[in-house]
>>> print(open('final.cif').read())   # mmCIF, C-alpha atoms
data_input
#
loop_
_atom_site.label_atom_id
_atom_site.label_comp_id
_atom_site.auth_asym_id
_atom_site.auth_seq_id
_atom_site.Cartn_x
_atom_site.Cartn_y
_atom_site.Cartn_z
CA MET A 1 15.25 -11.21 -2.23
CA SER A 2 12.12 -12.36 -4.00
CA ALA A 3 9.59 -14.47 -2.20
CA PRO A 4 8.29 -17.28 -4.41
CA SER A 5 4.72 -18.47 -4.81
CA LEU A 6 3.04 -15.76 -2.83
CA GLN A 7 -0.61 -14.91 -3.24
CA LEU A 8 -2.55 -11.95 -1.95
CA MET A 9 -6.17 -12.35 -0.92
CA GLN A 10 -8.64 -10.00 0.63
CA LEU A 11 -10.07 -11.04 3.97
CA GLN A 12 -13.70 -12.08 3.87
CA ASP A 13 -16.02 -13.96 6.14
CA PRO A 14 -15.07 -16.38 7.59
CA VAL A 15 -11.64 -15.59 8.93
CA PRO A 16 -9.46 -18.51 7.80
CA SER A 17 -8.61 -20.98 10.52
CA GLU A 18 -4.91 -20.44 9.79
CA ALA A 19 -5.21 -17.00 11.42
CA THR A 20 -5.28 -18.54 14.90
CA GLY A 21 -1.83 -20.00 14.30
CA PHE A 22 -0.35 -16.72 13.13
CA SER A 23 2.82 -16.18 15.10
CA CYS A 24 4.20 -12.73 15.77
CA ASN A 25 6.47 -11.68 18.61
CA ASP A 26 4.45 -8.65 19.64
CA ALA A 27 2.58 -10.08 22.63
CA GLY A 28 -0.11 -11.35 20.32
CA ASP A 29 -1.57 -7.97 19.37
CA LEU A 30 -1.33 -8.53 15.65
CA ARG A 31 -2.75 -12.05 15.80
CA ASP A 32 -5.55 -10.83 18.07
CA PHE A 33 -6.39 -8.14 15.56
CA LEU A 34 -6.48 -10.67 12.75
CA VAL A 35 -8.54 -13.24 14.67
CA ASN A 36 -10.89 -10.96 16.60
CA ASP A 37 -11.10 -7.54 14.97
CA ALA A 38 -10.10 -7.59 11.33
CA LEU A 39 -13.40 -8.92 10.02
CA LYS A 40 -15.34 -6.38 12.10
CA TYR A 41 -13.27 -3.61 10.52
CA VAL A 42 -13.98 -5.03 7.08
CA LYS A 43 -17.72 -5.40 7.70
CA GLN A 44 -17.95 -1.87 9.10
CA GLY A 45 -16.06 -0.46 6.15
CA LEU A 46 -13.21 0.77 8.31
CA ALA A 47 -10.48 -1.21 6.60
CA ARG A 48 -9.67 -3.71 3.93
CA VAL A 49 -7.42 -6.49 5.10
CA TYR A 50 -5.11 -8.35 2.75
CA LEU A 51 -3.68 -11.74 3.53
CA GLY A 52 -0.44 -13.05 2.08
CA TRP A 53 -0.36 -16.79 1.45
CA GLN A 54 2.55 -19.01 0.60
CA GLY A 55 0.87 -22.26 -0.37
CA ILE A 56 -1.23 -23.30 2.62
CA HIS A 57 0.59 -20.97 4.98
CA LEU A 58 -0.74 -17.60 6.03
CA VAL A 59 2.55 -15.72 6.08
CA GLY A 60 1.52 -12.11 6.57
CA PHE A 61 -1.14 -9.46 6.28
CA PHE A 62 -1.78 -5.75 6.18
CA SER A 63 -4.76 -3.43 6.25
CA LEU A 64 -5.58 -0.31 4.27
CA SER A 65 -7.86 2.55 5.25
CA CYS A 66 -8.41 6.16 4.24
CA GLY A 67 -7.14 9.02 6.33
CA LEU A 68 -5.94 12.58 6.49
CA VAL A 69 -2.75 14.21 7.60
CA ARG A 70 -2.72 17.86 8.65
CA TYR A 71 -0.04 20.11 7.21
CA GLU A 72 0.92 21.21 10.69
CA GLU A 73 1.86 17.61 11.41
CA LEU A 74 4.46 17.63 8.65
CA SER A 75 8.04 18.60 9.27
CA LYS A 76 9.47 21.68 7.53
CA GLU A 77 11.59 19.46 5.31
CA VAL A 78 8.62 17.39 4.19
CA LYS A 79 6.59 20.53 3.48
CA ALA A 80 9.43 21.98 1.44
CA ASP A 81 10.09 18.81 -0.53
CA THR A 82 6.46 18.01 -1.24
CA GLY A 83 5.26 21.55 -1.86
CA LEU A 84 2.49 21.04 0.66
CA ASP A 85 2.05 24.43 2.23
CA ALA A 86 -0.66 27.04 2.08
CA THR A 87 -1.95 26.03 -1.34
CA ASN A 88 -4.76 23.97 0.10
CA SER A 89 -7.17 25.90 2.27
CA ALA A 90 -8.15 22.75 4.09
CA ARG A 91 -4.51 22.33 5.08
CA THR A 92 -4.86 18.59 5.05
CA ALA A 93 -3.58 15.94 2.70
CA PRO A 94 -5.49 12.75 1.98
CA VAL A 95 -3.63 9.55 2.71
CA ILE A 96 -4.02 5.82 2.59
CA LEU A 97 -3.21 4.36 5.98
CA LEU A 98 -1.20 1.17 5.96
CA GLY A 99 -2.09 -0.53 9.21
CA ARG A 100 -0.65 -3.54 10.94
CA LEU A 101 1.72 -4.88 8.34
CA ALA A 102 2.87 -8.16 9.85
CA VAL A 103 4.85 -11.21 8.80
CA ASP A 104 4.60 -14.49 10.66
CA GLU A 105 7.91 -14.85 12.46
CA ARG A 106 8.41 -18.33 11.04
CA PHE A 107 8.54 -16.86 7.54
CA ARG A 108 10.71 -13.81 8.12
CA GLY A 109 13.88 -13.16 6.17
CA GLN A 110 12.32 -14.16 2.85
CA GLY A 111 11.37 -10.73 1.58
CA ILE A 112 7.70 -11.23 2.45
CA GLY A 113 7.42 -7.91 4.29
CA MET A 114 8.74 -6.07 1.28
CA TRP A 115 6.40 -8.04 -0.98
CA LEU A 116 3.42 -7.09 1.19
CA PHE A 117 4.50 -3.45 1.20
CA ASP A 118 4.87 -3.52 -2.60
CA GLN A 119 1.34 -4.87 -2.88
CA ALA A 120 0.06 -2.04 -0.69
CA ILE A 121 1.91 0.53 -2.80
CA THR A 122 0.55 -1.04 -5.97
CA ILE A 123 -3.03 -0.83 -4.69
CA ALA A 124 -2.61 2.74 -3.45
CA ARG A 125 -0.57 4.08 -6.34
CA PHE A 126 -2.17 2.33 -9.30
CA LEU A 127 -5.68 1.36 -8.25
CA ILE A 128 -6.67 4.23 -5.95
CA ALA A 129 -4.53 7.28 -6.69
CA PRO A 130 -5.48 7.56 -10.40
CA HIS A 131 -9.10 8.01 -9.32
CA VAL A 132 -9.03 9.42 -5.80
CA GLY A 133 -6.57 11.96 -4.50
CA CYS A 134 -4.16 10.53 -1.98
CA ARG A 135 -0.70 11.90 -1.39
CA PHE A 136 0.95 9.45 0.99
CA LEU A 137 0.80 5.89 2.06
CA LEU A 138 0.95 6.53 5.79
CA ILE A 139 2.64 4.19 8.24
CA ASP A 140 2.92 4.37 11.99
CA ALA A 141 6.23 2.59 12.08
CA LYS A 142 7.60 0.96 15.17
CA TYR A 143 10.88 2.55 16.20
CA GLU A 144 12.86 -0.55 15.35
CA ARG A 145 11.39 -0.66 11.85
CA ILE A 146 12.12 2.93 10.84
CA GLY A 147 15.40 1.99 9.17
CA TRP A 148 13.70 -0.72 7.13
CA TYR A 149 10.91 1.56 5.94
CA GLU A 150 13.37 4.34 5.17
CA GLY A 151 16.36 2.49 3.76
CA LYS A 152 14.72 -0.44 2.00
CA LEU A 153 11.38 0.99 0.93
CA GLY A 154 11.91 4.72 0.51
CA CYS A 155 9.52 5.99 3.18
CA ARG A 156 10.38 9.07 5.17
CA VAL A 157 9.57 10.37 8.58
CA LEU A 158 6.76 12.91 8.23
CA GLY A 159 6.92 14.38 11.69
CA GLY A 160 3.90 14.96 13.82
CA VAL A 161 2.17 12.77 16.31
CA SER A 162 1.96 9.05 15.94
CA ILE A 163 -0.83 7.57 18.01
CA PRO A 164 0.32 4.02 18.70
CA PRO A 165 3.06 3.82 21.35
CA ARG A 166 6.69 3.56 20.29
CA THR A 167 5.91 4.47 16.71
CA THR A 168 6.82 7.24 14.31
CA ARG A 169 4.62 8.56 11.56
CA MET A 170 6.16 7.83 8.18
CA GLY A 171 4.94 8.21 4.63
CA PHE A 172 5.61 6.99 1.15
CA ASP A 173 4.98 9.76 -1.36
CA LEU A 174 2.47 8.48 -3.90
CA SER A 175 2.49 11.56 -6.08
CA PRO A 176 5.87 12.41 -7.57
CA PRO A 177 7.47 11.37 -9.74
CA GLN A 178 4.33 11.93 -11.74
CA ASN A 179 5.56 10.22 -14.84
CA LEU A 180 7.28 7.17 -13.52
CA VAL A 181 4.07 5.48 -14.43
CA LEU A 182 2.67 6.68 -17.66
CA PRO A 183 -0.71 8.34 -17.41
CA PHE A 184 -3.81 6.29 -17.86
CA VAL A 185 -6.38 7.19 -20.43
CA GLN A 186 -9.81 5.73 -20.07
CA ASP A 187 -11.04 4.07 -23.19
CA THR A 188 -14.78 4.26 -23.39
CA ASN A 189 -15.13 1.37 -25.82
CA GLY A 190 -17.73 -1.00 -24.54
CA SER A 191 -19.23 1.44 -22.10
CA ALA A 192 -22.97 1.79 -21.98
CA MET B 1 -31.71 -2.73 -19.72
CA ALA B 2 -28.68 -0.73 -18.79
CA LYS B 3 -25.42 -2.36 -19.67
CA PRO B 4 -22.78 -2.46 -16.95
CA LEU B 5 -19.95 -0.05 -17.54
CA GLU B 6 -16.86 -1.65 -18.91
CA PHE B 7 -13.57 0.11 -18.82
CA GLU B 8 -10.38 -0.61 -20.58
CA TYR B 9 -7.27 1.20 -19.59
CA ILE B 10 -4.57 2.05 -22.08
CA ILE B 11 -1.13 3.17 -21.06
CA ARG B 12 0.00 6.18 -23.01
CA CYS B 13 2.86 8.58 -22.78
CA GLU B 14 2.91 11.51 -25.13
CA ASP B 15 6.38 12.74 -24.33
CA PRO B 16 8.63 10.09 -22.78
CA GLU B 17 11.69 12.37 -22.74
CA LYS B 18 9.85 15.06 -20.81
CA ALA B 19 8.45 12.44 -18.47
CA PHE B 20 11.93 11.12 -17.78
CA ALA B 21 13.28 14.61 -17.19
CA GLU B 22 10.51 15.26 -14.68
CA LEU B 23 11.28 11.99 -13.03
CA LEU B 24 14.91 13.00 -12.54
CA GLU B 25 13.90 16.43 -11.34
CA ALA B 26 11.63 14.95 -8.70
CA ARG B 27 14.69 13.19 -7.24
CA PRO B 28 12.94 10.41 -5.35
CA SER B 29 15.22 8.47 -3.05
CA PRO B 30 16.80 5.42 -4.69
CA ALA B 31 14.83 3.15 -2.37
CA ALA B 32 11.55 4.90 -3.21
CA LEU B 33 12.31 4.66 -6.89
CA GLU B 34 13.00 0.94 -6.57
CA THR B 35 9.76 0.45 -4.64
CA LEU B 36 7.80 2.29 -7.31
CA LYS B 37 9.46 0.25 -10.03
CA ARG B 38 8.57 -3.00 -8.28
CA ALA B 39 5.01 -1.80 -7.75
CA GLU B 40 4.75 -0.75 -11.38
CA LYS B 41 5.94 -4.20 -12.43
CA LEU B 42 3.38 -5.85 -10.15
CA TYR B 43 0.68 -3.69 -11.63
CA LYS B 44 1.66 -4.37 -15.21
CA GLU B 45 1.81 -8.08 -14.52
CA GLY B 46 -1.74 -7.81 -13.28
CA LEU B 47 -2.18 -7.33 -9.56
CA LYS B 48 -4.63 -9.95 -8.49
CA PHE B 49 -6.16 -10.80 -5.21
CA ASP B 50 -9.11 -13.04 -4.82
CA ALA B 51 -11.64 -12.53 -2.08
CA SER B 52 -13.00 -16.02 -2.35
CA PRO B 53 -11.79 -18.51 0.27
CA GLY B 54 -12.90 -21.24 -2.11
CA ASP B 55 -10.50 -20.02 -4.74
CA ARG B 56 -7.72 -19.96 -2.19
CA HIS B 57 -8.28 -23.65 -1.53
CA ASP B 58 -8.44 -24.33 -5.25
CA ALA B 59 -5.08 -22.67 -5.62
CA ARG B 60 -3.38 -25.00 -3.17
#
>>> encode(input="final.cif", output="structure tokens")
Amino acid sequence: MSAPSLQLMQLQDPVPSEATGFSCNDAGDLRDFLVNDALKYVKQGLARVYLGWQGIHLVGFFSLSCGLVRYEELSKEVKADTGLDATNSARTAPVILLGRLAVDERFRGQGIGMWLFDQAITIARFLIAPHVGCRFLLIDAKYERIGWYEGKLGCRVLGGVSIPPRTTRMGFDLSPPQNLVLPFVQDTNGSA
Amino acid sequence: MAKPLEFEYIIRCEDPEKAFAELLEARPSPAALETLKRAEKLYKEGLKFDASPGDRHDAR
């Protein structure tokens, strides 16, 4: 289902007043992050936070940060399918961490969560990955959301330890298929 | 005075058939493929996000 008239904006100072009315049935953790912590993360360079707007309504948000996943955290199946084994002496893979993807409960069922996830994939896959190595978009998915991430969005359980409680570490492979998107060639016209 | 760098990106594929064969070989899950297709469409349409709260109010 497509969500009409959605806009994505990056969080900057000040936090919009609409954040205080953000409604999420998770004991307020996500709203508290948005109201109290998100801007600190942005100012300290720990995350970029993206807000989804539908007209005047703040309908959802997510954050993106850099991270690493160790090979030993990956399941055998993931290692086999991705080819991530002993080829990298560091034995770590760079990732983009998708944190705190949330949709206001009053706007759920409209495809907004998928739209936010697509935006995150677009940023990671097309704006970051062509210039900076990153293999997965990493998600610490709540148990009840695993099916959605897996079945609807194509993420897979990576294995390993997920820090937040009641979550499983999942990833969306940003690398293959290499040629779904045709390679970019930088045109130097107009450069200094 | 130094001129700011300006970049223009051009999409190019030298061998579409080979690219498609590699795509099939990679065997992404159908859901992952659909996600990538949607993301590719978003990108080609011009992903835009504005950091300016003022612009957000203008857009209302």
>>> resolve_selection(input="final.cif", expression="the PyMOL selection byres ((chain A and resi 47) around 12)", output="MDAnalysis selection string")
chainID A and resid 10:12 34 37:46 48:50 62:67 96:100
>>> resolve_selection(input="final.cif", expression="the PyMOL selection byres ((chain B and resi 32-35) around 7)", output="list of chain:residue names")
A:Asp118, A:Leu153, A:Gly154, A:Cys155, B:Pro28, B:Ser29, B:Pro30, B:Ala31, B:Leu36, B:Lys37, B:Arg38, B:Ala39
>>> residues_around(input="final.cif", residues="segment 69-72 of chain A", least_positions_apart="5", cutoff="6 Å", atoms="all atoms listed in the file", output="VMD selection string")
chain A and resid 91 to 93
>>> residues_around(input="final.cif", residues="segment 14-28 of chain A", least_positions_apart="6", cutoff="12 Å", atoms="only C-alpha atoms", output="count of residues only")
38
>>> residues_around(input="final.cif", residues="segment 164-175 of chain A", least_positions_apart="3", cutoff="7 Å", atoms="only C-alpha atoms", output="NGL selection string")
:A and (125 or 135-143 or 154-161 or 178)
>>> atom_distance(input="final.cif", atom1="atom CA of Ile163 of chain A", atom2="atom CA of Val78 of chain A")
19.4 Å
>>> atom_distance(input="final.cif", atom1="atom CA of Phe126 of chain A", atom2="atom CA of Leu8 of chain A")
16.1 Å
>>> atom_distance(input="final.cif", atom1="atom CA of Leu84 of chain A", atom2="atom CA of Pro130 of chain A")
19.2 Å
>>> resolve_selection(input="final.cif", expression="the PyMOL selection byres ((chain A and resi 127) around 12)", output="list of chain:residue names")
A:Ile96, A:Gln119, A:Ala120, A:Ile121, A:Thr122, A:Ile123, A:Ala124, A:Arg125, A:Phe126, A:Ile128, A:Ala129, A:Pro130, A:His131, A:Val132, A:Gly133, A:Cys134, A:Leu174, A:Phe184, B:Tyr9, B:Ala39, B:Glu40, B:Leu42, B:Tyr43, B:Lys44, B:Gly46, B:Leu47, B:Lys48
>>> write_last_selection(input="final.cif", atoms="C-alpha atoms", output="PDB file, keeping the file's coordinate frame")
ATOM      1  CA  ILE A  96      -4.020   5.820   2.590  1.00  0.00           C
ATOM      2  CA  GLN A 119       1.340  -4.870  -2.880  1.00  0.00           C
ATOM      3  CA  ALA A 120       0.060  -2.040  -0.690  1.00  0.00           C
ATOM      4  CA  ILE A 121       1.910   0.530  -2.800  1.00  0.00           C
ATOM      5  CA  THR A 122       0.550  -1.040  -5.970  1.00  0.00           C
ATOM      6  CA  ILE A 123      -3.030  -0.830  -4.690  1.00  0.00           C
ATOM      7  CA  ALA A 124      -2.610   2.740  -3.450  1.00  0.00           C
ATOM      8  CA  ARG A 125      -0.570   4.080  -6.340  1.00  0.00           C
ATOM      9  CA  PHE A 126      -2.170   2.330  -9.300  1.00  0.00           C
ATOM     10  CA  ILE A 128      -6.670   4.230  -5.950  1.00  0.00           C
ATOM     11  CA  ALA A 129      -4.530   7.280  -6.690  1.00  0.00           C
ATOM     12  CA  PRO A 130      -5.480   7.560 -10.400  1.00  0.00           C
ATOM     13  CA  HIS A 131      -9.100   8.010  -9.320  1.00  0.00           C
ATOM     14  CA  VAL A 132      -9.030   9.420  -5.800  1.00  0.00           C
ATOM     15  CA  GLY A 133      -6.570  11.960  -4.500  1.00  0.00           C
ATOM     16  CA  CYS A 134      -4.160  10.530  -1.980  1.00  0.00           C
ATOM     17  CA  LEU A 174       2.470   8.480  -3.900  1.00  0.00           C
ATOM     18  CA  PHE A 184      -3.810   6.290 -17.860  1.00  0.00           C
TER      19      PHE A 184
ATOM     20  CA  TYR B   9      -7.270   1.200 -19.590  1.00  0.00           C
ATOM     21  CA  ALA B  39       5.010  -1.800  -7.750  1.00  0.00           C
ATOM     22  CA  GLU B  40       4.750  -0.750 -11.380  1.00  0.00           C
ATOM     23  CA  LEU B  42       3.380  -5.850 -10.150  1.00  0.00           C
ATOM     24  CA  TYR B  43       0.680  -3.690 -11.630  1.00  0.00           C
ATOM     25  CA  LYS B  44       1.660  -4.370 -15.210  1.00  0.00           C
ATOM     26  CA  GLY B  46      -1.740  -7.810 -13.280  1.00  0.00           C
ATOM     27  CA  LEU B  47      -2.180  -7.330  -9.560  1.00  0.00           C
ATOM     28  CA  LYS B  48      -4.630  -9.950  -8.490  1.00  0.00           C
TER      29      LYS B  48
END
